[in-house]
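The file structure.cif contains mmCIF, C-alpha atoms and all ligand atoms:
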```cif
data_upload
#
loop_
_atom_site.group_PDB
_atom_site.id
_atom_site.type_symbol
_atom_site.label_atom_id
_atom_site.label_comp_id
_atom_site.auth_asym_id
_atom_site.auth_seq_id
_atom_site.Cartn_x
_atom_site.Cartn_y
_atom_site.Cartn_z
ATOM 1 C CA MET A 40 -8.399 9.309 15.693
ATOM 2 C CA ASN A 41 -6.497 7.356 13.052
ATOM 3 C CA LYS A 42 -5.542 8.932 9.761
ATOM 4 C CA PRO A 43 -7.884 8.084 6.880
ATOM 5 C CA VAL A 44 -6.246 5.781 4.348
ATOM 6 C CA ILE A 45 -7.062 4.038 1.066
ATOM 7 C CA ALA A 46 -5.438 1.030 -0.624
ATOM 8 C CA ILE A 47 -6.121 -0.323 -4.122
ATOM 9 C CA HIS A 48 -5.099 -3.266 -6.285
ATOM 10 C CA GLY A 49 -5.205 -3.968 -10.001
ATOM 11 C CA GLY A 50 -4.687 -7.730 -9.870
ATOM 12 C CA ALA A 51 -1.865 -10.154 -9.102
ATOM 13 C CA GLY A 52 0.124 -12.432 -11.387
ATOM 14 C CA ALA A 53 3.386 -13.534 -12.925
ATOM 15 C CA ILE A 54 6.032 -11.151 -14.203
ATOM 16 C CA THR A 55 6.113 -10.846 -17.960
ATOM 17 C CA ARG A 56 8.608 -12.898 -19.898
ATOM 18 C CA ALA A 57 8.891 -10.206 -22.553
ATOM 19 C CA ALA A 58 11.430 -7.435 -22.359
ATOM 20 C CA LEU A 59 9.895 -4.872 -20.068
ATOM 21 C CA SER A 60 8.894 -1.622 -21.561
ATOM 22 C CA ALA A 61 9.763 1.089 -19.051
ATOM 23 C CA GLU A 62 7.135 3.258 -20.651
ATOM 24 C CA LYS A 63 4.363 0.701 -20.181
ATOM 25 C CA GLU A 64 5.452 0.082 -16.597
ATOM 26 C CA GLN A 65 5.225 3.820 -16.028
ATOM 27 C CA HIS A 66 1.616 3.771 -17.322
ATOM 28 C CA TYR A 67 0.654 1.298 -14.616
ATOM 29 C CA ILE A 68 2.498 3.230 -11.882
ATOM 30 C CA GLN A 69 0.881 6.494 -12.965
ATOM 31 C CA ALA A 70 -2.612 4.998 -13.141
ATOM 32 C CA LEU A 71 -2.276 3.436 -9.682
ATOM 33 C CA SER A 72 -0.917 6.701 -8.164
ATOM 34 C CA ASP A 73 -3.643 8.810 -9.743
ATOM 35 C CA ILE A 74 -6.386 6.526 -8.436
ATOM 36 C CA VAL A 75 -4.934 6.378 -4.898
ATOM 37 C CA ALA A 76 -4.741 10.190 -5.023
ATOM 38 C CA ALA A 77 -8.383 10.447 -6.109
ATOM 39 C CA GLY A 78 -9.384 8.312 -3.120
ATOM 40 C CA GLN A 79 -7.235 10.412 -0.782
ATOM 41 C CA VAL A 80 -8.996 13.581 -1.956
ATOM 42 C CA ILE A 81 -12.410 12.103 -1.113
ATOM 43 C CA LEU A 82 -11.225 11.061 2.353
ATOM 44 C CA ALA A 83 -9.449 14.401 2.959
ATOM 45 C CA GLN A 84 -12.681 16.246 2.220
ATOM 46 C CA GLY A 85 -14.513 14.203 4.842
ATOM 47 C CA GLY A 86 -15.960 11.720 2.338
ATOM 48 C CA SER A 87 -16.867 8.234 3.519
ATOM 49 C CA ALA A 88 -14.779 5.112 3.066
ATOM 50 C CA LEU A 89 -17.736 3.747 1.075
ATOM 51 C CA ASP A 90 -17.567 6.675 -1.359
ATOM 52 C CA ALA A 91 -13.769 6.453 -1.630
ATOM 53 C CA VAL A 92 -13.712 2.737 -2.519
ATOM 54 C CA THR A 93 -16.635 3.052 -4.935
ATOM 55 C CA GLU A 94 -14.964 5.889 -6.815
ATOM 56 C CA ALA A 95 -11.519 4.237 -6.822
ATOM 57 C CA VAL A 96 -12.978 1.045 -8.298
ATOM 58 C CA ARG A 97 -15.037 3.001 -10.827
ATOM 59 C CA LEU A 98 -11.812 4.678 -12.000
ATOM 60 C CA LEU A 99 -10.066 1.286 -12.186
ATOM 61 C CA GLU A 100 -12.999 -0.056 -14.243
ATOM 62 C CA GLU A 101 -12.618 2.864 -16.643
ATOM 63 C CA CYS A 102 -8.885 2.168 -17.083
ATOM 64 C CA PRO A 103 -8.283 -0.460 -19.821
ATOM 65 C CA LEU A 104 -4.990 -1.528 -18.210
ATOM 66 C CA PHE A 105 -7.033 -3.535 -15.696
ATOM 67 C CA ASN A 106 -9.460 -6.447 -16.057
ATOM 68 C CA ALA A 107 -12.673 -4.821 -14.905
ATOM 69 C CA GLY A 108 -15.150 -2.779 -16.863
ATOM 70 C CA LYS A 109 -13.460 -1.580 -20.074
ATOM 71 C CA GLY A 110 -10.549 -3.970 -20.602
ATOM 72 C CA ALA A 111 -12.293 -6.969 -19.054
ATOM 73 C CA VAL A 112 -11.211 -10.435 -20.163
ATOM 74 C CA PHE A 113 -13.217 -12.749 -22.440
ATOM 75 C CA THR A 114 -15.129 -15.899 -21.555
ATOM 76 C CA HIS A 115 -14.493 -19.100 -23.515
ATOM 77 C CA GLN A 116 -17.521 -18.196 -25.632
ATOM 78 C CA GLY A 117 -16.016 -14.795 -26.539
ATOM 79 C CA THR A 118 -18.354 -12.746 -24.351
ATOM 80 C CA HIS A 119 -17.750 -10.542 -21.304
ATOM 81 C CA GLU A 120 -19.340 -11.310 -17.940
ATOM 82 C CA LEU A 121 -18.491 -8.893 -15.170
ATOM 83 C CA ASP A 122 -18.808 -9.268 -11.391
ATOM 84 C CA ALA A 123 -18.600 -6.592 -8.664
ATOM 85 C CA CYS A 124 -19.248 -6.172 -4.964
ATOM 86 C CA VAL A 125 -19.162 -3.398 -2.364
ATOM 87 C CA MET A 126 -19.494 -3.663 1.428
ATOM 88 C CA ASP A 127 -19.946 -1.021 4.120
ATOM 89 C CA GLY A 128 -18.119 -1.953 7.332
ATOM 90 C CA ARG A 129 -20.250 0.446 9.364
ATOM 91 C CA THR A 130 -23.451 -1.564 8.906
ATOM 92 C CA CYS A 131 -22.173 -4.708 7.142
ATOM 93 C CA ASP A 132 -24.581 -3.825 4.325
ATOM 94 C CA ALA A 133 -23.444 -5.177 0.969
ATOM 95 C CA GLY A 134 -24.415 -5.095 -2.691
ATOM 96 C CA ALA A 135 -23.162 -7.193 -5.586
ATOM 97 C CA VAL A 136 -23.818 -8.024 -9.236
ATOM 98 C CA ALA A 137 -22.619 -11.051 -11.193
ATOM 99 C CA ALA A 138 -22.370 -12.082 -14.848
ATOM 100 C CA VAL A 139 -23.440 -8.721 -16.263
ATOM 101 C CA SER A 140 -22.470 -7.560 -19.755
ATOM 102 C CA ARG A 141 -24.349 -4.315 -20.315
ATOM 103 C CA ILE A 142 -23.584 -2.175 -17.259
ATOM 104 C CA ARG A 143 -20.759 0.249 -17.945
ATOM 105 C CA ASN A 144 -19.645 0.362 -14.294
ATOM 106 C CA PRO A 145 -20.603 -2.804 -12.417
ATOM 107 C CA ILE A 146 -19.351 -1.285 -9.147
ATOM 108 C CA LEU A 147 -22.026 1.433 -9.381
ATOM 109 C CA ALA A 148 -24.629 -1.292 -9.864
ATOM 110 C CA ALA A 149 -23.312 -3.076 -6.764
ATOM 111 C CA ARG A 150 -23.579 0.211 -4.865
ATOM 112 C CA ALA A 151 -27.150 0.682 -6.123
ATOM 113 C CA VAL A 152 -28.015 -2.795 -4.811
ATOM 114 C CA LEU A 153 -26.468 -1.907 -1.439
ATOM 115 C CA GLU A 154 -28.469 1.308 -1.205
ATOM 116 C CA ASN A 155 -31.783 0.411 -2.821
ATOM 117 C CA SER A 156 -32.485 -3.265 -2.249
ATOM 118 C CA SER A 157 -33.018 -5.625 0.648
ATOM 119 C CA HIS A 158 -31.244 -8.258 -1.473
ATOM 120 C CA VAL A 159 -27.468 -8.542 -1.662
ATOM 121 C CA LEU A 160 -26.615 -10.192 -5.002
ATOM 122 C CA PHE A 161 -28.280 -9.823 -8.406
ATOM 123 C CA ALA A 162 -27.117 -11.748 -11.492
ATOM 124 C CA ALA A 163 -27.284 -11.446 -15.285
ATOM 125 C CA ASP A 164 -30.459 -9.968 -16.864
ATOM 126 C CA GLY A 165 -32.091 -9.206 -13.529
ATOM 127 C CA ALA A 166 -29.027 -7.274 -12.396
ATOM 128 C CA GLU A 167 -29.029 -5.330 -15.655
ATOM 129 C CA ARG A 168 -32.715 -4.460 -15.322
ATOM 130 C CA PHE A 169 -32.114 -3.340 -11.733
ATOM 131 C CA ALA A 170 -29.177 -1.135 -12.824
ATOM 132 C CA ALA A 171 -31.122 0.400 -15.708
ATOM 133 C CA ALA A 172 -34.081 1.098 -13.419
ATOM 134 C CA HIS A 173 -31.718 2.959 -11.081
ATOM 135 C CA GLY A 174 -30.449 5.192 -13.866
ATOM 136 C CA LEU A 175 -27.044 3.627 -14.460
ATOM 137 C CA GLU A 176 -25.347 3.918 -17.842
ATOM 138 C CA MET A 177 -25.975 0.863 -20.011
ATOM 139 C CA VAL A 178 -23.716 -0.081 -22.950
ATOM 140 C CA GLU A 179 -23.674 -2.635 -25.763
ATOM 141 C CA PRO A 180 -21.592 -5.690 -24.786
ATOM 142 C CA ASP A 181 -18.939 -4.792 -27.397
ATOM 143 C CA PHE A 182 -18.117 -1.696 -25.316
ATOM 144 C CA PHE A 183 -15.889 -4.029 -23.255
ATOM 145 C CA PHE A 184 -13.917 -5.312 -26.271
ATOM 146 C CA THR A 185 -10.184 -4.631 -26.362
ATOM 147 C CA GLN A 186 -7.846 -6.177 -28.938
ATOM 148 C CA GLU A 187 -5.279 -7.094 -26.277
ATOM 149 C CA ARG A 188 -7.767 -9.175 -24.271
ATOM 150 C CA PHE A 189 -9.098 -10.815 -27.443
ATOM 151 C CA GLU A 190 -5.601 -11.971 -28.353
ATOM 152 C CA GLN A 191 -5.201 -13.188 -24.777
ATOM 153 C CA LEU A 192 -8.297 -15.394 -25.201
ATOM 154 C CA GLN A 193 -6.927 -16.803 -28.439
ATOM 155 C CA ARG A 194 -3.634 -17.676 -26.741
ATOM 156 C CA ALA A 195 -5.480 -19.321 -23.848
ATOM 157 C CA GLN A 196 -7.594 -21.397 -26.227
ATOM 158 C CA ALA A 197 -4.527 -22.392 -28.228
ATOM 159 C CA GLU A 198 -3.117 -23.757 -24.955
ATOM 160 C CA GLN A 199 -5.939 -26.310 -24.805
ATOM 161 C CA GLY A 200 -8.394 -24.453 -22.715
ATOM 162 C CA ARG A 201 -6.164 -22.955 -20.096
ATOM 163 C CA VAL A 202 -8.119 -20.649 -17.812
ATOM 164 C CA LEU A 203 -5.963 -17.629 -17.145
ATOM 165 C CA LEU A 204 -5.659 -15.053 -14.462
ATOM 166 C CA ASP A 205 -5.749 -11.830 -16.320
ATOM 167 C CA HIS A 206 -2.251 -10.499 -15.599
ATOM 168 C CA ASP A 207 -1.088 -14.016 -16.420
ATOM 169 C CA GLY A 208 -1.643 -13.618 -20.123
ATOM 170 C CA ALA A 209 -0.791 -10.710 -22.332
ATOM 171 C CA ALA A 210 2.638 -9.674 -21.368
ATOM 172 C CA ILE A 211 4.195 -12.124 -23.737
ATOM 173 C CA GLN A 212 3.293 -9.672 -26.444
ATOM 174 C CA SER A 213 2.206 -6.591 -24.596
ATOM 175 C CA ASN A 214 5.174 -5.489 -22.475
ATOM 176 C CA ALA A 215 2.863 -5.155 -19.470
ATOM 177 C CA PRO A 216 4.956 -5.637 -16.313
ATOM 178 C CA LEU A 217 2.867 -8.623 -15.193
ATOM 179 C CA ASP A 218 2.257 -11.294 -17.813
ATOM 180 C CA PRO A 219 -1.380 -10.754 -18.817
ATOM 181 C CA ASP A 220 -1.727 -14.465 -19.639
ATOM 182 C CA ARG A 221 -0.781 -15.334 -16.073
ATOM 183 C CA LYS A 222 -2.299 -12.525 -14.072
ATOM 184 C CA PHE A 223 -5.468 -11.939 -12.064
ATOM 185 C CA GLY A 224 -6.659 -8.560 -13.227
ATOM 186 C CA THR A 225 -9.436 -7.953 -10.808
ATOM 187 C CA VAL A 226 -9.440 -4.505 -9.226
ATOM 188 C CA GLY A 227 -10.307 -3.490 -5.713
ATOM 189 C CA ALA A 228 -10.129 -0.865 -3.007
ATOM 190 C CA VAL A 229 -10.340 -0.737 0.790
ATOM 191 C CA ALA A 230 -10.475 2.378 2.952
ATOM 192 C CA LEU A 231 -10.790 3.765 6.471
ATOM 193 C CA ASP A 232 -12.408 7.197 6.773
ATOM 194 C CA GLY A 233 -12.148 9.969 9.358
ATOM 195 C CA LEU A 234 -15.133 8.615 11.292
ATOM 196 C CA GLY A 235 -13.470 5.215 11.683
ATOM 197 C CA ASN A 236 -15.651 3.487 9.098
ATOM 198 C CA LEU A 237 -14.221 0.767 6.855
ATOM 199 C CA ALA A 238 -15.385 -0.220 3.342
ATOM 200 C CA ALA A 239 -14.281 -2.595 0.586
ATOM 201 C CA ALA A 240 -15.052 -2.875 -3.142
ATOM 202 C CA THR A 241 -13.971 -5.375 -5.824
ATOM 203 C CA SER A 242 -14.727 -5.620 -9.567
ATOM 204 C CA THR A 243 -13.615 -8.018 -12.295
ATOM 205 C CA GLY A 244 -14.057 -9.489 -15.731
ATOM 206 C CA GLY A 245 -13.162 -12.835 -14.138
ATOM 207 C CA MET A 246 -10.629 -15.208 -15.637
ATOM 208 C CA THR A 247 -9.745 -15.397 -19.342
ATOM 209 C CA ASN A 248 -11.369 -18.376 -21.071
ATOM 210 C CA LYS A 249 -13.745 -19.052 -18.144
ATOM 211 C CA GLN A 250 -16.965 -20.832 -19.093
ATOM 212 C CA ALA A 251 -19.928 -18.528 -19.674
ATOM 213 C CA GLY A 252 -21.995 -18.502 -16.501
ATOM 214 C CA ARG A 253 -19.008 -19.091 -14.228
ATOM 215 C CA ILE A 254 -19.018 -16.686 -11.299
ATOM 216 C CA GLY A 255 -15.842 -16.222 -9.256
ATOM 217 C CA ASP A 256 -15.084 -14.939 -5.788
ATOM 218 C CA THR A 257 -15.351 -11.232 -6.596
ATOM 219 C CA PRO A 258 -19.104 -10.761 -5.988
ATOM 220 C CA ILE A 259 -19.224 -13.254 -3.121
ATOM 221 C CA ILE A 260 -19.275 -11.572 0.289
ATOM 222 C CA GLY A 261 -16.506 -12.993 2.450
ATOM 223 C CA ALA A 262 -14.537 -14.409 -0.490
ATOM 224 C CA GLY A 263 -13.639 -11.520 -2.824
ATOM 225 C CA CYS A 264 -14.774 -8.675 -0.596
ATOM 226 C CA TYR A 265 -15.518 -8.095 3.093
ATOM 227 C CA ALA A 266 -15.719 -5.116 5.455
ATOM 228 C CA ASN A 267 -16.599 -4.919 9.125
ATOM 229 C CA ASN A 268 -15.804 -1.938 11.358
ATOM 230 C CA ALA A 269 -15.022 -4.356 14.188
ATOM 231 C CA THR A 270 -12.062 -5.811 12.308
ATOM 232 C CA VAL A 271 -10.981 -5.179 8.733
ATOM 233 C CA ALA A 272 -11.812 -4.341 5.098
ATOM 234 C CA VAL A 273 -10.486 -6.795 2.478
ATOM 235 C CA SER A 274 -10.488 -7.035 -1.344
ATOM 236 C CA SER A 275 -9.073 -10.166 -3.022
ATOM 237 C CA THR A 276 -7.568 -11.079 -6.387
ATOM 238 C CA GLY A 277 -6.515 -14.507 -7.604
ATOM 239 C CA THR A 278 -7.840 -17.962 -8.458
ATOM 240 C CA GLY A 279 -11.426 -17.263 -7.482
ATOM 241 C CA GLU A 280 -12.493 -20.838 -6.847
ATOM 242 C CA ILE A 281 -9.847 -21.255 -4.151
ATOM 243 C CA PHE A 282 -10.740 -17.917 -2.529
ATOM 244 C CA MET A 283 -14.389 -19.035 -2.422
ATOM 245 C CA ARG A 284 -13.559 -22.427 -0.925
ATOM 246 C CA ASN A 285 -11.438 -20.713 1.758
ATOM 247 C CA VAL A 286 -13.865 -17.810 2.323
ATOM 248 C CA SER A 287 -10.603 -15.878 2.277
ATOM 249 C CA ALA A 288 -11.675 -12.271 2.878
ATOM 250 C CA TYR A 289 -13.822 -13.251 5.860
ATOM 251 C CA ASP A 290 -11.094 -15.585 7.068
ATOM 252 C CA VAL A 291 -8.774 -12.586 7.574
ATOM 253 C CA SER A 292 -11.484 -10.975 9.708
ATOM 254 C CA ALA A 293 -12.218 -14.174 11.643
ATOM 255 C CA LEU A 294 -8.545 -14.777 12.428
ATOM 256 C CA MET A 295 -8.383 -11.257 13.857
ATOM 257 C CA GLU A 296 -11.673 -11.472 15.745
ATOM 258 C CA TYR A 297 -11.510 -14.986 17.156
ATOM 259 C CA ALA A 298 -7.814 -15.840 17.201
ATOM 260 C CA GLY A 299 -6.516 -12.381 18.109
ATOM 261 C CA LEU A 300 -4.105 -12.207 15.168
ATOM 262 C CA SER A 301 -2.829 -8.835 13.961
ATOM 263 C CA LEU A 302 -3.777 -7.632 10.473
ATOM 264 C CA GLN A 303 -0.375 -8.664 9.104
ATOM 265 C CA GLN A 304 -0.459 -12.095 10.761
ATOM 266 C CA ALA A 305 -4.019 -12.812 9.625
ATOM 267 C CA SER A 306 -3.552 -11.705 6.034
ATOM 268 C CA ASP A 307 -0.213 -13.519 5.716
ATOM 269 C CA LYS A 308 -1.739 -16.711 7.105
ATOM 270 C CA VAL A 309 -4.535 -16.601 4.532
ATOM 271 C CA VAL A 310 -2.410 -15.681 1.506
ATOM 272 C CA MET A 311 0.937 -17.344 2.245
ATOM 273 C CA GLU A 312 -0.322 -20.487 3.988
ATOM 274 C CA LYS A 313 -3.991 -21.360 3.506
ATOM 275 C CA LEU A 314 -4.435 -20.311 -0.133
ATOM 276 C CA LEU A 315 -1.059 -21.707 -1.182
ATOM 277 C CA ALA A 316 -1.820 -25.039 0.482
ATOM 278 C CA MET A 317 -4.836 -25.430 -1.815
ATOM 279 C CA GLY A 318 -2.956 -24.240 -4.886
ATOM 280 C CA GLY A 319 -4.477 -20.748 -4.800
ATOM 281 C CA SER A 320 -2.509 -17.949 -6.408
ATOM 282 C CA GLY A 321 -3.002 -14.216 -5.884
ATOM 283 C CA GLY A 322 -3.238 -11.756 -3.048
ATOM 284 C CA LEU A 323 -5.383 -9.290 -1.189
ATOM 285 C CA ILE A 324 -5.383 -5.767 0.185
ATOM 286 C CA ALA A 325 -6.592 -5.051 3.708
ATOM 287 C CA ILE A 326 -6.942 -2.150 6.129
ATOM 288 C CA ASP A 327 -7.834 -2.705 9.790
ATOM 289 C CA ARG A 328 -9.846 -0.434 12.074
ATOM 290 C CA PHE A 329 -6.644 1.252 13.291
ATOM 291 C CA GLY A 330 -5.582 2.164 9.763
ATOM 292 C CA ASN A 331 -2.871 -0.472 9.395
ATOM 293 C CA VAL A 332 -2.388 -1.588 5.781
ATOM 294 C CA ALA A 333 -1.413 -5.078 4.510
ATOM 295 C CA LEU A 334 -0.919 -5.955 0.826
ATOM 296 C CA PRO A 335 0.241 -9.624 0.768
ATOM 297 C CA PHE A 336 0.471 -11.715 -2.429
ATOM 298 C CA ASN A 337 1.925 -15.138 -3.213
ATOM 299 C CA SER A 338 2.320 -14.501 -6.948
ATOM 300 C CA GLU A 339 5.332 -12.798 -8.501
ATOM 301 C CA GLY A 340 3.684 -9.403 -8.498
ATOM 302 C CA MET A 341 0.528 -7.470 -7.681
ATOM 303 C CA TYR A 342 -0.425 -4.038 -8.984
ATOM 304 C CA ARG A 343 -1.050 -2.145 -5.770
ATOM 305 C CA GLY A 344 -0.942 1.204 -4.004
ATOM 306 C CA PHE A 345 -2.012 2.954 -0.841
ATOM 307 C CA GLY A 346 -1.951 6.410 0.689
ATOM 308 C CA TYR A 347 -2.767 8.007 4.040
ATOM 309 C CA VAL A 348 -4.404 11.411 3.761
ATOM 310 C CA GLY A 349 -1.626 13.989 3.545
ATOM 311 C CA ASP A 350 1.022 11.534 2.294
ATOM 312 C CA ALA A 351 2.153 10.873 -1.282
ATOM 313 C CA PRO A 352 0.694 7.657 -2.785
ATOM 314 C CA SER A 353 2.950 4.637 -2.460
ATOM 315 C CA VAL A 354 2.636 2.136 -5.348
ATOM 316 C CA GLY A 355 4.299 -1.117 -6.372
ATOM 317 C CA ILE A 356 4.157 -3.975 -8.849
ATOM 318 C CA TYR A 357 6.805 -6.539 -7.869
ATOM 319 C CA ARG A 358 7.848 -7.947 -4.512
HETATM 320 N N1 LIG A 401 -10.611 -13.546 -8.618
HETATM 321 C C1 LIG A 401 -11.048 -13.310 -9.958
HETATM 322 C C2 LIG A 401 -11.952 -14.422 -10.402
HETATM 323 O O1 LIG A 401 -11.700 -15.554 -10.071
HETATM 324 C C3 LIG A 401 -9.940 -13.194 -10.936
HETATM 325 C C4 LIG A 401 -8.937 -12.135 -10.634
HETATM 326 O O2 LIG A 401 -8.654 -11.865 -9.473
HETATM 327 O O3 LIG A 401 -8.377 -11.552 -11.595
HETATM 328 O O4 LIG A 401 -12.882 -14.161 -11.123
#
```

Could I get this structure in the form of structure tokens?
Ligand code: ASP
Amino acid sequence: MNKPVIAIHGGAGAITRAALSAEKEQHYIQALSDIVAAGQVILAQGGSALDAVTEAVRLLEECPLFNAGKGAVFTHQGTHELDACVMDGRTCDAGAVAAVSRIRNPILAARAVLENSSHVLFAADGAERFAAAHGLEMVEPDFFFTQERFEQLQRAQAEQGRVLLDHDGAAIQSNAPLDPDRKFGTVGAVALDGLGNLAAATSTGGMTNKQAGRIGDTPIIGAGCYANNATVAVSSTGTGEIFMRNVSAYDVSALMEYAGLSLQQASDKVVMEKLLAMGGSGGLIAIDRFGNVALPFNSEGMYRGFGYVGDAPSVGIYR
């Protein structure tokens, strides 16, 4: 039996051009370690991979350092539209929500869809009604407001409509290790539990200055999120349109299943070759059915961490 393991990410992007604040960097390291540790506890107590990834992503949504839930980026129109997805590798069941602005934890809504609906993806008002009907906490849209992200939107708009990856944008002023104006701040988690089950979860505010109504890769099965016990669990972060056009998360699985590539070979091929060839920036986290972990990214950095049960969390930001 392989050791249970969890991996998480908090988005990929460019390293800040501002003088780094060691203190701020430490905030990110601490948050990533604490959330890996929370996932390890669930797995150590015999919890499922599905529970571990759901809880890890919920904690990442609650942390304003990352672009999901509280701390999500703004659309061009100054609103928030959040996307999330969760997939159970044991059954290949999945649930997702897109373009929601009133659900405090979109990942819990995605989980409710997985558990309580024969559908896979709900969007906008219908998703919010579904979440409310299943007892999830609803908030006013201004719950998601943070001053840092608002300033990021203003900078993006001043640059003639640039659409930013979240960690690609704020560091200029914020001392965040990855430049928030040039970063993808999506969050995600993948895990393997003690029964050999895989799961993946991803949640995002999308890209700063995106058009209202734009939905990225995050809630799309096979692009931003995929899990299948036969192969691998994957959560993506980066230029969503390119991940969708490459079906990147599923591509890692397909390369393993049909071409016999190892986890490392498959994930490197997707991130370092196929995405780059189309101009896609970002990375992904993946765990295979044997408990191997891969965390490739083609940007300058990616907030990331992983931990086998019984080991200390291992976290990183830069290459
Ligand atoms: N992939 C996300 C999107 O396109 C952005 C991100 O990873 O930060 O919505």

Of the residues A:Leu234, A:Ala111, A:Val44, A:Ala266, which is the one nearest to ligand LIG 401 (chain A), using only C-alpha atoms and all ligand atoms? A:Ala111

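One distance worth recording is that between atom CA of A:Thr276 and atom CA of A:Ala251, which is 19.6 Å.
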
Contacts to ligand LIG 401 (chain A) at 9 Å cut-off (all atoms listed in the file) as a ChimeraX atom specification: /A:49-52,106-107,121-122,203-206,222-226,242-247,249,253-258,263,275-283,321-322

What residues come out when you apply the PyMOL selection byres (((chain A and resi 267) around 12) and not hetatm) to this file, written as a PDB file with C-alpha atoms, in the frame of the given file?
```pdb
ATOM      1  CA  ALA A  88     -14.779   5.112   3.066  1.00  0.00           C
ATOM      2  CA  LEU A  89     -17.736   3.747   1.075  1.00  0.00           C
ATOM      3  CA  VAL A 125     -19.162  -3.398  -2.364  1.00  0.00           C
ATOM      4  CA  MET A 126     -19.494  -3.663   1.428  1.00  0.00           C
ATOM      5  CA  ASP A 127     -19.946  -1.021   4.120  1.00  0.00           C
ATOM      6  CA  GLY A 128     -18.119  -1.953   7.332  1.00  0.00           C
ATOM      7  CA  ARG A 129     -20.250   0.446   9.364  1.00  0.00           C
ATOM      8  CA  THR A 130     -23.451  -1.564   8.906  1.00  0.00           C
ATOM      9  CA  CYS A 131     -22.173  -4.708   7.142  1.00  0.00           C
ATOM     10  CA  ASP A 132     -24.581  -3.825   4.325  1.00  0.00           C
ATOM     11  CA  ALA A 133     -23.444  -5.177   0.969  1.00  0.00           C
ATOM     12  CA  VAL A 229     -10.340  -0.737   0.790  1.00  0.00           C
ATOM     13  CA  ALA A 230     -10.475   2.378   2.952  1.00  0.00           C
ATOM     14  CA  LEU A 231     -10.790   3.765   6.471  1.00  0.00           C
ATOM     15  CA  GLY A 235     -13.470   5.215  11.683  1.00  0.00           C
ATOM     16  CA  ASN A 236     -15.651   3.487   9.098  1.00  0.00           C
ATOM     17  CA  LEU A 237     -14.221   0.767   6.855  1.00  0.00           C
ATOM     18  CA  ALA A 238     -15.385  -0.220   3.342  1.00  0.00           C
ATOM     19  CA  ALA A 239     -14.281  -2.595   0.586  1.00  0.00           C
ATOM     20  CA  ILE A 260     -19.275 -11.572   0.289  1.00  0.00           C
ATOM     21  CA  GLY A 261     -16.506 -12.993   2.450  1.00  0.00           C
ATOM     22  CA  CYS A 264     -14.774  -8.675  -0.596  1.00  0.00           C
ATOM     23  CA  TYR A 265     -15.518  -8.095   3.093  1.00  0.00           C
ATOM     24  CA  ALA A 266     -15.719  -5.116   5.455  1.00  0.00           C
ATOM     25  CA  ASN A 268     -15.804  -1.938  11.358  1.00  0.00           C
ATOM     26  CA  ALA A 269     -15.022  -4.356  14.188  1.00  0.00           C
ATOM     27  CA  THR A 270     -12.062  -5.811  12.308  1.00  0.00           C
ATOM     28  CA  VAL A 271     -10.981  -5.179   8.733  1.00  0.00           C
ATOM     29  CA  ALA A 272     -11.812  -4.341   5.098  1.00  0.00           C
ATOM     30  CA  VAL A 273     -10.486  -6.795   2.478  1.00  0.00           C
ATOM     31  CA  ALA A 288     -11.675 -12.271   2.878  1.00  0.00           C
ATOM     32  CA  TYR A 289     -13.822 -13.251   5.860  1.00  0.00           C
ATOM     33  CA  VAL A 291      -8.774 -12.586   7.574  1.00  0.00           C
ATOM     34  CA  SER A 292     -11.484 -10.975   9.708  1.00  0.00           C
ATOM     35  CA  ALA A 293     -12.218 -14.174  11.643  1.00  0.00           C
ATOM     36  CA  MET A 295      -8.383 -11.257  13.857  1.00  0.00           C
ATOM     37  CA  GLU A 296     -11.673 -11.472  15.745  1.00  0.00           C
ATOM     38  CA  ALA A 325      -6.592  -5.051   3.708  1.00  0.00           C
ATOM     39  CA  ILE A 326      -6.942  -2.150   6.129  1.00  0.00           C
ATOM     40  CA  ASP A 327      -7.834  -2.705   9.790  1.00  0.00           C
ATOM     41  CA  ARG A 328      -9.846  -0.434  12.074  1.00  0.00           C
TER      42      ARG A 328
END
```

Under the rule that all atoms listed in the file are counted, which of A:Asp232, A:Glu64, A:Asp290, A:Glu176 is the nearest residue to A:Ala83? A:Asp232

Could you write out as a PyMOL selection string the residues that the PyMOL selection byres (((chain A and resi 92) around 6) and not hetatm) matches in the shown file? chain A and resi 89-91+93-95+228-229+240

Record the distance separating atom CA of A:His119 and atom CA of A:Val286, expressed in Å with one decimal. 25.0 Å

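Atom pair atom CA of A:Pro335 / atom CA of A:Val310: separated by 6.7 Å.
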
Explicit residues for the PyMOL selection byres (((chain A and resi 170) around 9) and not hetatm) (as a PyMOL selection string): chain A and resi 142+145+147-149+151-152+165-169+171-177

Here's a test: counting only C-alpha atoms, identify every protein, DNA and RNA residue with an atom at most 7 Å from (-19.2, -11.3, -20.0) in the file's coordinate frame, and state them as number ranges by chain. A: 113-114, 118-121, 138-140, 244

To box stretch 326-335 of chain A, take all atoms listed in the file, fit an axis-aligned box, add 8 Å on each side, and give centre and edge lengths in Å to one decimal, as JSON.
```
{"center_x": -4.8, "center_y": -3.7, "center_z": 7.0, "size_x": 26.1, "size_y": 27.8, "size_z": 28.5}
```

Using all atoms listed in the file, the residue out of A:Val332, A:Ile81, A:Val178, A:Ala316 with shortest distance to A:Ser353 is A:Val332

Pick from A:Ile74, A:Phe183, A:Ser87, A:Ala46, whichever lies nearest to A:Ser274 using all atoms listed in the file: A:Ala46

Between A:Ala135, A:Ala53, A:Leu302, A:Gly355, which residue has the minimum interatomic distance to A:Asn337, considering all atoms listed in the file?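 Under the stated criterion, the closest residue is A:Ala53.
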
With only C-alpha atoms as the basis for distance, which of A:Ala76, A:Leu294, A:Leu82, A:Ala195 is at the shortest distance from A:His115? A:Ala195

Quick one: everything within 9 Å of A:Val354, counting all atoms listed in the file, minus sequence neighbours fewer than 3 positions away in the same chain. Send it as a PyMOL selection string. chain A and resi 68-69+71-72+75+342-346
